[in-house]
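S.K.: First, the structure itself, so that you have it in front of you.
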Amino acid sequence: MRNMPTITIEDAKTIAAAAEAEALSHGWRVTIVVADAAGYPLLLHRLDGAPLHTAEVALRKGRTAALTRSLTKGLEDKIIGGRVTLMSMSGLLPIEGGEPVTVGKDCVGAVGVSGAQSQEDAQIARVGIAALNLVVS
């Protein structure tokens with residue numbers, strides 16, 4: 001049996017703080033979710049002024065990225081390309097803005113963001129993850 005790293009609440013706070021700073025620097029009012037490897041939320045952070053529905057969307061984007069171990073943008077692109085059967089994956093949301101958090105070859109969690117344009121949501125998530133990688137290195 002091998003050991004696998006896990007994401008901690010401190011990691012989640014680091015990710016969320018960097019993601020929040022990125023969103024605020026652009027005036028984007030979003031919800032940021034940091035999920036564990038199973039897609040369960042460790043932290044949900046809805047910025048002042050973020051629309052209420054963004055909490056649910058961010059949760060689903062984070063869960064999707066964690067469970068599929070992939071960018072939600074990749075799933076979105078596959079559906080746009082004709083693989084519509086992917087829409088039958090219960091509870092998952094194949095819309096850009098969900099990014100997996102990896103350590104080596106292991107997916108330890110994910111970040112889901114909602115409230116800005118989808119590519120901006122993904123940008124916010126990537127900045128948050130990059131802050132964690134700076135701390136881990």
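Residues are named by chain letter and number: chains run A, B, ... in the order of the structure tokens, numbers start at 1 in each chain, and ligands are numbered from 1 in the order shown.
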As a list in words, please: the residues near range 54-69 of chain A (cut-off 6 Å, only C-alpha atoms, same-chain neighbours under 3 positions excluded).
M.R.: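 Everything that qualifies: Thr31, Val33, Ala37, Gly39, Pro51, Thr72, Leu92, Leu93, Gly98, Glu99, Pro100, Gly109, Ala110, Val111, Gly112, Val113, Ser114 and Gly115 of chain A.
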S.K.: Next, write the just-selected residues to a file, as an mmCIF file, in the first residue's frame, keeping N, CA and C atoms as the atom set.
M.R.:
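Done, and the output landed in again.cif:
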```cif
data_model
loop_
_atom_site.group_PDB
_atom_site.id
_atom_site.type_symbol
_atom_site.label_atom_id
_atom_site.label_comp_id
_atom_site.auth_asym_id
_atom_site.auth_seq_id
_atom_site.Cartn_x
_atom_site.Cartn_y
_atom_site.Cartn_z
ATOM 1 N N THR A 31 -17.845 32.899 -5.810
ATOM 2 C CA THR A 31 -17.746 31.915 -4.733
ATOM 3 C C THR A 31 -16.603 30.980 -5.084
ATOM 4 N N VAL A 33 -14.741 27.401 -3.880
ATOM 5 C CA VAL A 33 -14.850 26.166 -3.103
ATOM 6 C C VAL A 33 -13.551 25.387 -3.247
ATOM 7 N N ALA A 37 -10.174 15.195 -2.080
ATOM 8 C CA ALA A 37 -10.022 14.276 -3.215
ATOM 9 C C ALA A 37 -11.330 13.580 -3.595
ATOM 10 N N GLY A 39 -14.199 15.125 -3.510
ATOM 11 C CA GLY A 39 -15.119 16.147 -3.985
ATOM 12 C C GLY A 39 -15.948 16.801 -2.899
ATOM 13 N N PRO A 51 -23.462 36.413 -6.458
ATOM 14 C CA PRO A 51 -24.833 35.928 -6.540
ATOM 15 C C PRO A 51 -25.022 34.628 -5.746
ATOM 16 N N THR A 72 -12.634 20.873 -15.558
ATOM 17 C CA THR A 72 -14.016 20.824 -16.033
ATOM 18 C C THR A 72 -14.117 21.365 -17.456
ATOM 19 N N LEU A 92 -22.515 15.973 -11.671
ATOM 20 C CA LEU A 92 -21.307 16.656 -12.115
ATOM 21 C C LEU A 92 -21.667 17.841 -13.013
ATOM 22 N N LEU A 93 -20.765 18.801 -13.084
ATOM 23 C CA LEU A 93 -21.018 20.010 -13.865
ATOM 24 C C LEU A 93 -19.843 20.283 -14.788
ATOM 25 N N GLY A 98 -13.591 24.578 -12.807
ATOM 26 C CA GLY A 98 -13.188 23.566 -11.839
ATOM 27 C C GLY A 98 -11.807 23.057 -12.207
ATOM 28 N N GLU A 99 -10.879 23.074 -11.249
ATOM 29 C CA GLU A 99 -9.484 22.698 -11.511
ATOM 30 C C GLU A 99 -9.014 21.711 -10.440
ATOM 31 N N PRO A 100 -8.414 20.595 -10.840
ATOM 32 C CA PRO A 100 -7.896 19.661 -9.840
ATOM 33 C C PRO A 100 -6.633 20.201 -9.165
ATOM 34 N N GLY A 109 -7.380 17.066 -4.381
ATOM 35 C CA GLY A 109 -8.565 17.885 -4.218
ATOM 36 C C GLY A 109 -8.838 18.675 -5.469
ATOM 37 N N ALA A 110 -9.633 19.722 -5.307
ATOM 38 C CA ALA A 110 -9.990 20.551 -6.450
ATOM 39 C C ALA A 110 -10.483 21.903 -5.969
ATOM 40 N N VAL A 111 -10.500 22.842 -6.896
ATOM 41 C CA VAL A 111 -11.047 24.172 -6.641
ATOM 42 C C VAL A 111 -12.139 24.420 -7.668
ATOM 43 N N GLY A 112 -13.272 24.890 -7.194
ATOM 44 C CA GLY A 112 -14.363 25.302 -8.065
ATOM 45 C C GLY A 112 -14.669 26.765 -7.821
ATOM 46 N N VAL A 113 -14.839 27.527 -8.888
ATOM 47 C CA VAL A 113 -15.130 28.952 -8.774
ATOM 48 C C VAL A 113 -16.310 29.273 -9.680
ATOM 49 N N SER A 114 -17.193 30.144 -9.192
ATOM 50 C CA SER A 114 -18.330 30.581 -9.991
ATOM 51 C C SER A 114 -18.656 32.027 -9.671
ATOM 52 N N GLY A 115 -19.052 32.758 -10.700
ATOM 53 C CA GLY A 115 -19.502 34.131 -10.513
ATOM 54 C C GLY A 115 -19.005 35.095 -11.562
#
```
S.K.: Could you name the residues that touch range 13-28 of chain A at 7 Å or less, counting only C-alpha atoms, but leaving out those on the same chain fewer than 3 positions away, as an NGL selection string?
M.R.: :A and (9-10 or 32 or 116 or 124-125 or 127-129 or 131-132)
S.K.: Mind the document's chain letters and residue numbers, and return as a PyMOL selection string the residues of chain A that DSSP labels helix (DSSP H, G or I).
M.R.: chain A and resi 9-26+54-68+72-80+84-88+118-136
S.K.: In terms of the shortest atom-to-atom distance over only C-alpha atoms, which of A:Val103, A:Met89, A:Val108, A:Val30 is closest to Ala50 in chain A?
M.R.: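 Closest to Ala50 in chain A of all the choices is A:Val30.
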S.K.: Quick one: DSSP strand (DSSP E or B) residues in chain A, as a PyMOL selection string?
M.R.: chain A and resi 31-36+41-46+98-103+106-114
S.K.: So how far away is CA of Glu96 in chain A from CA of Lys73 in chain A, in Å?
M.R.: 4.1 Å
S.K.: Extract, using only C-alpha atoms, all DNA, RNA and protein residues at most 9 Å from Gly74 in chain A, discarding same-chain residues fewer than 4 positions from it, and format them as a PyMOL selection string.
M.R.: chain A and resi 70+78-79+94-96
S.K.: For those residues, write N, CA and C atoms to a file as a PDB file, in the first residue's frame.
M.R.:
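Contents of the output file again_13.pdb:
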```pdb
ATOM      1  N   SER A  70      -9.724  15.942 -13.437  1.00  0.00           N
ATOM      2  CA  SER A  70      -9.440  16.702 -14.657  1.00  0.00           C
ATOM      3  C   SER A  70     -10.109  18.070 -14.616  1.00  0.00           C
ATOM      4  N   LYS A  78     -15.407  18.303 -24.548  1.00  0.00           N
ATOM      5  CA  LYS A  78     -15.827  17.008 -25.102  1.00  0.00           C
ATOM      6  C   LYS A  78     -17.320  17.006 -25.430  1.00  0.00           C
ATOM      7  N   ILE A  79     -18.128  17.616 -24.567  1.00  0.00           N
ATOM      8  CA  ILE A  79     -19.569  17.675 -24.825  1.00  0.00           C
ATOM      9  C   ILE A  79     -19.844  18.553 -26.041  1.00  0.00           C
ATOM     10  N   PRO A  94     -19.977  19.935 -16.057  1.00  0.00           N
ATOM     11  CA  PRO A  94     -18.882  20.116 -17.015  1.00  0.00           C
ATOM     12  C   PRO A  94     -18.839  21.522 -17.603  1.00  0.00           C
ATOM     13  N   ILE A  95     -18.568  22.504 -16.747  1.00  0.00           N
ATOM     14  CA  ILE A  95     -18.448  23.899 -17.166  1.00  0.00           C
ATOM     15  C   ILE A  95     -17.125  24.423 -16.635  1.00  0.00           C
ATOM     16  N   GLU A  96     -16.378  25.128 -17.451  1.00  0.00           N
ATOM     17  CA  GLU A  96     -15.072  25.644 -17.056  1.00  0.00           C
ATOM     18  C   GLU A  96     -15.143  26.393 -15.729  1.00  0.00           C
TER      19      GLU A  96
END
```
